[in-house]
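Heads up: the structure comes next, in structure tokens.
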Amino acid sequence: MSLAAPMPGGCAKGPTPLMDGVVSRTVRRHLPFGVHFDLTYRCNERCVHCYLDHEDYGELTTAEILAVLEQLAEAGTLLLTFSGGEIFLRPDLFEILEEARRRHFDVSLKTNALLVTPQKAARLRELGVRRVQISIYSDDPAVHDAVTKVPGSLERTLAAIPLLQAEGLHVKIACPLMTENLASFRGVLALAERLGVSYIFDPTITPMIDGNAEPLAHRVSGTELLPVLQEPKLRGCRPESVDASALPVSVGSASSSGIEGDAYDDLPCSAGQNTCYISPYGDVYPCVQLPVAAGNLRRERFADIWSGSAALERVRAVRQSQLPVCSACSIRKYCERCPGLALMEGGDLVGAYERACELAEVKARLDGVADAVSELHRRQRATQPPMPFAESAASAAAAR
Amino acid sequence: MSAASTVWQRNPVLAWREITGSAVIISPAESVMHELNGTGSVVWRMLDGQTTAEQIAARLCTEFDVSEETALQDTSSLLEELAALKLILPAQAAGGAKGATAP
């Protein structure tokens with residue numbers, strides 16, 4: 001008989017064989033390994049690019065949330081991320097965290113840290129919270145505060161980081177990139193290095209959760225992103241992986257569970273496979289960026305939603321190799337196609353969409369691909385009637 | 001103090017879950033993941049702060065085709081490794097944080 005020694009590794013070094021093995025098993029068995037739980041949409045900042053409506057339409061009560069945690073533990077969830085809105089606006093936050101840790105979840109938080117105090121930081125450490133991700137838009141207060149619309153917010157957020165670090169918590173800076181702060185990315189990078197924290201830059205700006213496209217006005221184009229994509233410290237890094245604290249440098253999407261890896265094989269991502277999203281109102285979605293309601297926890301138990309939702313089944317059935325357009329794309333290895341954005345922006349869960357094609361083409365060109373044209377664009381060009389020569393020459397002249 | 005004679009319990013700061021029969025454990029301070037095999041996970045389940053290594057080994061003998069001596073030897077060896085990794089603590093020392101204790 002062998003009791004095999006525990007196998008150290010995994011979390012600290014990104015996707016390792018151990019983590020991939022665990023993730024593979026949860027994907028194969030459709031176990032909800034990771035859950036992103038927004039406790040509130042209320043917020044003490046008003047970020048220009050935010051995809052949320054900050055009104056409270058009847059958040060889950062403390063008792064309802066504790067009951068959900070019990071159900072998630074029973075269902076096998078290990079990685080639990082609490083986010084918002086601003087989670088510290090919930091007066092019962094620590095009661096929720098206590099219960100989460102009592103049920104042995106690995107707990108991460110996303111916050112703007114405006115309300116973090118030395119006492120709260122100490123309590124987070126006592127409870128065994130593993131990681132705190134903090135949104136920072138610039139090292140320049142004028143730029144950061146213009147995004148959050150809260151004067152003095154950068155100063156207050158930065159003051160919280162040493163408090164959390166002093167307690168031994170892993171701190172990570174998340175920097176969404178948009179027109180307002182694109183020029184600040186090197187400053188944020190330097191700031192993170194100075195503070196000794198990990199970081200992620202994310203150019204994903206999404207429509208609002210109700211489909212309103214207003215935030216997209218803040219999105220930077222692929223060409224504008226070139227300096228970011230060319231930055232040596234960020235090049236070659238993949239989207240956030242298993243453990244952020246150990247993968248300090250990354251450019252990618254913050255939308256996913258953070259447990260992407262090779263284990264997903266032909267699947268587009270973890271959404272609905274082994275991760276999901278829960279809204280402050282108890283709605284269960286495959287992912288925060290894939291707002292296809294699978295059920296509501298006020299009416300159904302989590303396990304019933306997870307195993308019985310037709311919406312989740314539809315998401316789970318998607319295979320990269322069977323996508324009608326993208327599977328034929330010659331530059332697909334440069335693409336970070338998101339099924340949620342495909343649905344919200346292109347109207348089709350399995351379709352191609354402009355933003356993904358644009359970024360894939362930019363990355364492919366950077367990598368020296370001569371014919372960096374996505375399959376979607378190739379088909380669009382093929383179906384457009386050729387312009388008469390005179391008109392074509394006039395257009396080209398006008399473009400110059 | 002030997003691993004066999006000590007009553008151990010899981011370190012309350014850990015996050016863990018049994019996933020398809022294996023205990024998957026995350027240490028928040030180090031951000032390190034560990035996984036125990038099926039038999040090790042049986043031991044992990046019994047580390048409740050009240051069960052001795054002898055009792056764990058006796059239970060293994062009833063579940064697996066193994067001699068009492070081998071079971072105790074392997075159990076003690078695993079407990080030593082878990083203790084070295086701070087995944088378990090002697091029961092009397094495992095106070096832990098409020099809210100991070102075993103349910």
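All residue names refer to the structure tokens as shown: chains lettered A, B, ... in order, residues numbered from 1 in each chain, ligands numbered from 1 in order.
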Inset, instruction - For chain B, report every residue with an atom at most 9 Å from chain A (counting only C-alpha atoms), formatted as a count of residues only. - result: 47
Inset, instruction - Please run DSSP on the backbone and report, as a PyMOL selection string, all residues within stretch 257-352 of chain A that come out as helix (DSSP H, G or I). - result: chain A and resi 262-264+302-308+310-316+320-322+326-328+332-334+339-346
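One finds atom CA of A:Gln273 at 14.0 Å from atom CA of A:Val288.
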Need to verify the contact set: A:Arg42, 9 Å, only C-alpha atoms, exclusion of same-chain residues closer than 2 positions in sequence. Can you return it as a short mmCIF file (atom, residue, chain, number, x, y, z; two decimals) with C-alpha atoms, in the first residue's frame?
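Produced file part19.cif, reproduced below:
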```cif
data_model
loop_
_atom_site.label_atom_id
_atom_site.label_comp_id
_atom_site.auth_asym_id
_atom_site.auth_seq_id
_atom_site.Cartn_x
_atom_site.Cartn_y
_atom_site.Cartn_z
CA THR A 40 -23.11 43.65 -4.59
CA ASN A 44 -18.18 53.88 -4.06
CA GLU A 45 -16.53 54.65 -7.39
CA LEU A 52 -22.58 47.37 -13.95
CA ASP A 53 -25.71 49.20 -12.86
CA HIS A 54 -24.89 50.27 -9.29
CA GLU A 55 -28.45 50.37 -7.99
CA ASP A 56 -29.51 47.73 -5.48
CA GLY A 84 -18.62 43.53 -6.96
CA GLY A 85 -19.39 46.43 -7.06
CA GLU A 86 -17.35 47.16 -4.00
CA ILE A 87 -17.47 44.24 -1.58
CA LEU A 89 -19.87 48.14 1.13
CA ARG A 90 -21.54 44.97 2.41
#
```
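Put simply, atom CA of A:Pro32 is 7.0 Å away from atom CA of A:Cys276.
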Inset, instruction - Find the residues around B:Gln92 up to 12 Å (only C-alpha atoms counted), leave out those fewer than 6 positions away in its own chain, and share them as a PyMOL selection string. - result: chain B and resi 6-11+48-50
Legend entry - Contact residues around A:Val362 with only C-alpha atoms at 12 Å, ignoring same-chain residues under 2 positions, as a VMD selection string: chain A and resid 221 to 230 331 334 to 335 355 to 360 364 to 374
Mind dumping the selected residues with C-alpha atoms as a PDB file, in the first residue's frame?
```pdb
ATOM      1  CA  SER A 221      -8.061  49.959 -30.858  1.00  0.00           C
ATOM      2  CA  GLY A 222      -5.677  47.154 -31.646  1.00  0.00           C
ATOM      3  CA  THR A 223      -3.240  49.599 -33.192  1.00  0.00           C
ATOM      4  CA  GLU A 224      -3.337  51.820 -30.127  1.00  0.00           C
ATOM      5  CA  LEU A 225      -2.509  48.755 -28.030  1.00  0.00           C
ATOM      6  CA  LEU A 226       0.714  48.130 -29.916  1.00  0.00           C
ATOM      7  CA  PRO A 227       2.980  49.721 -27.275  1.00  0.00           C
ATOM      8  CA  VAL A 228       1.441  47.430 -24.662  1.00  0.00           C
ATOM      9  CA  LEU A 229       1.733  44.349 -26.840  1.00  0.00           C
ATOM     10  CA  GLN A 230       5.330  45.257 -27.674  1.00  0.00           C
ATOM     11  CA  ILE A 331      -4.421  33.073 -37.191  1.00  0.00           C
ATOM     12  CA  TYR A 334      -3.312  34.610 -31.758  1.00  0.00           C
ATOM     13  CA  CYS A 335      -6.973  34.915 -30.870  1.00  0.00           C
ATOM     14  CA  ARG A 355     -12.851  42.860 -31.665  1.00  0.00           C
ATOM     15  CA  ALA A 356     -11.302  39.400 -31.377  1.00  0.00           C
ATOM     16  CA  CYS A 357     -10.374  39.440 -35.071  1.00  0.00           C
ATOM     17  CA  GLU A 358      -8.841  42.900 -34.785  1.00  0.00           C
ATOM     18  CA  LEU A 359      -6.627  41.954 -31.831  1.00  0.00           C
ATOM     19  CA  ALA A 360      -5.649  38.611 -33.352  1.00  0.00           C
ATOM     20  CA  ALA A 364      -0.184  38.018 -35.711  1.00  0.00           C
ATOM     21  CA  ARG A 365       1.397  40.950 -37.545  1.00  0.00           C
ATOM     22  CA  LEU A 366       3.606  41.607 -34.534  1.00  0.00           C
ATOM     23  CA  ASP A 367       4.706  38.013 -34.745  1.00  0.00           C
ATOM     24  CA  GLY A 368       5.669  38.438 -38.393  1.00  0.00           C
ATOM     25  CA  VAL A 369       2.722  36.677 -40.007  1.00  0.00           C
ATOM     26  CA  ALA A 370       2.600  37.973 -43.584  1.00  0.00           C
ATOM     27  CA  ASP A 371      -1.057  37.357 -44.299  1.00  0.00           C
ATOM     28  CA  ALA A 372      -2.557  38.300 -40.941  1.00  0.00           C
ATOM     29  CA  VAL A 373      -6.219  38.267 -41.891  1.00  0.00           C
ATOM     30  CA  SER A 374      -8.857  36.576 -39.787  1.00  0.00           C
TER      31      SER A 374
END
```
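Residue nearest A:Ala190 within the list A:Ala217, A:Ile173, A:Val150, A:Ile205: A:Ile173 [criterion: smallest interatomic distance, only C-alpha atoms].
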Inset, instruction - DSSP on the backbone, then: every residue of stretch 26-151 of chain A marked strand (DSSP E), written as an MDAnalysis selection string. - result: chainID A and resid 34:38 79:83 106:111 131:135
Serialized selection, N, CA and C atoms, as a PDB file, in the first residue's frame:
```pdb
ATOM      1  N   GLY A  34     -14.393  26.517  -9.674  1.00  0.00           N
ATOM      2  CA  GLY A  34     -14.199  27.932  -9.347  1.00  0.00           C
ATOM      3  C   GLY A  34     -15.486  28.719  -9.527  1.00  0.00           C
ATOM      4  N   VAL A  35     -15.785  29.590  -8.580  1.00  0.00           N
ATOM      5  CA  VAL A  35     -16.989  30.425  -8.677  1.00  0.00           C
ATOM      6  C   VAL A  35     -16.633  31.879  -8.409  1.00  0.00           C
ATOM      7  N   HIS A  36     -17.119  32.746  -9.275  1.00  0.00           N
ATOM      8  CA  HIS A  36     -16.976  34.197  -9.128  1.00  0.00           C
ATOM      9  C   HIS A  36     -18.315  34.700  -8.593  1.00  0.00           C
ATOM     10  N   PHE A  37     -18.290  35.248  -7.398  1.00  0.00           N
ATOM     11  CA  PHE A  37     -19.533  35.611  -6.696  1.00  0.00           C
ATOM     12  C   PHE A  37     -19.508  37.118  -6.452  1.00  0.00           C
ATOM     13  N   ASP A  38     -20.343  37.847  -7.183  1.00  0.00           N
ATOM     14  CA  ASP A  38     -20.476  39.286  -6.925  1.00  0.00           C
ATOM     15  C   ASP A  38     -21.451  39.487  -5.767  1.00  0.00           C
ATOM     16  N   LEU A  79     -12.239  27.130  -5.427  1.00  0.00           N
ATOM     17  CA  LEU A  79     -11.764  28.503  -5.646  1.00  0.00           C
ATOM     18  C   LEU A  79     -12.958  29.452  -5.668  1.00  0.00           C
ATOM     19  N   LEU A  80     -12.959  30.399  -4.751  1.00  0.00           N
ATOM     20  CA  LEU A  80     -14.097  31.310  -4.630  1.00  0.00           C
ATOM     21  C   LEU A  80     -13.584  32.747  -4.653  1.00  0.00           C
ATOM     22  N   THR A  81     -14.076  33.516  -5.606  1.00  0.00           N
ATOM     23  CA  THR A  81     -13.696  34.922  -5.707  1.00  0.00           C
ATOM     24  C   THR A  81     -14.905  35.788  -5.388  1.00  0.00           C
ATOM     25  N   PHE A  82     -14.753  36.647  -4.382  1.00  0.00           N
ATOM     26  CA  PHE A  82     -15.808  37.600  -4.064  1.00  0.00           C
ATOM     27  C   PHE A  82     -15.470  38.930  -4.717  1.00  0.00           C
ATOM     28  N   SER A  83     -16.453  39.491  -5.416  1.00  0.00           N
ATOM     29  CA  SER A  83     -16.218  40.718  -6.141  1.00  0.00           C
ATOM     30  C   SER A  83     -17.480  41.561  -6.136  1.00  0.00           C
ATOM     31  N   ASP A 106     -10.950  28.360  -0.921  1.00  0.00           N
ATOM     32  CA  ASP A 106      -9.798  29.223  -1.208  1.00  0.00           C
ATOM     33  C   ASP A 106     -10.390  30.568  -1.642  1.00  0.00           C
ATOM     34  N   VAL A 107     -10.173  31.591  -0.826  1.00  0.00           N
ATOM     35  CA  VAL A 107     -10.897  32.851  -1.030  1.00  0.00           C
ATOM     36  C   VAL A 107      -9.992  33.951  -1.596  1.00  0.00           C
ATOM     37  N   SER A 108     -10.425  34.546  -2.690  1.00  0.00           N
ATOM     38  CA  SER A 108      -9.778  35.732  -3.255  1.00  0.00           C
ATOM     39  C   SER A 108     -10.801  36.862  -3.300  1.00  0.00           C
ATOM     40  N   LEU A 109     -10.308  38.087  -3.228  1.00  0.00           N
ATOM     41  CA  LEU A 109     -11.195  39.255  -3.244  1.00  0.00           C
ATOM     42  C   LEU A 109     -10.802  40.183  -4.384  1.00  0.00           C
ATOM     43  N   LYS A 110     -11.806  40.879  -4.930  1.00  0.00           N
ATOM     44  CA  LYS A 110     -11.536  41.972  -5.865  1.00  0.00           C
ATOM     45  C   LYS A 110     -12.164  43.226  -5.271  1.00  0.00           C
ATOM     46  N   THR A 111     -11.383  44.281  -5.181  1.00  0.00           N
ATOM     47  CA  THR A 111     -11.845  45.479  -4.478  1.00  0.00           C
ATOM     48  C   THR A 111     -11.100  46.702  -5.007  1.00  0.00           C
ATOM     49  N   ARG A 131      -5.809  36.096  -1.539  1.00  0.00           N
ATOM     50  CA  ARG A 131      -5.343  37.111  -2.480  1.00  0.00           C
ATOM     51  C   ARG A 131      -6.330  38.260  -2.557  1.00  0.00           C
ATOM     52  N   VAL A 132      -5.803  39.454  -2.710  1.00  0.00           N
ATOM     53  CA  VAL A 132      -6.651  40.639  -2.880  1.00  0.00           C
ATOM     54  C   VAL A 132      -6.232  41.327  -4.178  1.00  0.00           C
ATOM     55  N   GLN A 133      -7.160  41.399  -5.108  1.00  0.00           N
ATOM     56  CA  GLN A 133      -6.883  42.078  -6.387  1.00  0.00           C
ATOM     57  C   GLN A 133      -7.479  43.468  -6.346  1.00  0.00           C
ATOM     58  N   ILE A 134      -6.657  44.443  -6.680  1.00  0.00           N
ATOM     59  CA  ILE A 134      -7.058  45.846  -6.535  1.00  0.00           C
ATOM     60  C   ILE A 134      -6.985  46.541  -7.895  1.00  0.00           C
ATOM     61  N   SER A 135      -8.031  47.273  -8.218  1.00  0.00           N
ATOM     62  CA  SER A 135      -8.058  47.977  -9.507  1.00  0.00           C
ATOM     63  C   SER A 135      -7.307  49.297  -9.406  1.00  0.00           C
TER      64      SER A 135
END
```
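Between atom CA of A:Glu313 and atom CA of A:Gly272 there is a distance of 8.0 Å.
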Legend entry - Shell of 9 Å around A:Val147, only C-alpha atoms, local chain residues under 6 positions omitted, as a list in words: Glu45, Arg46, Cys47, Val48, His49, Tyr137, Glu180 and Asn181 of chain A
Produce a file of the selected residues containing C-alpha atoms, as a short mmCIF file (atom, residue, chain, number, x, y, z; two decimals), in the first residue's frame.
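Saved the output as again08.cif:
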```
data_model
loop_
_atom_site.label_atom_id
_atom_site.label_comp_id
_atom_site.auth_asym_id
_atom_site.auth_seq_id
_atom_site.Cartn_x
_atom_site.Cartn_y
_atom_site.Cartn_z
CA GLU A 45 -16.53 54.65 -7.39
CA ARG A 46 -18.16 55.45 -10.72
CA CYS A 47 -15.63 54.17 -13.21
CA VAL A 48 -16.27 55.42 -16.69
CA HIS A 49 -15.93 51.98 -18.31
CA TYR A 137 -5.87 52.72 -13.56
CA GLU A 180 -8.33 57.39 -20.64
CA ASN A 181 -5.37 55.50 -19.15
#
```
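In this comparison, which uses only C-alpha atoms, the residue of A:Glu361, A:Glu345, A:Asp145, A:Glu375 approaching A:Cys326 most closely is A:Glu375.
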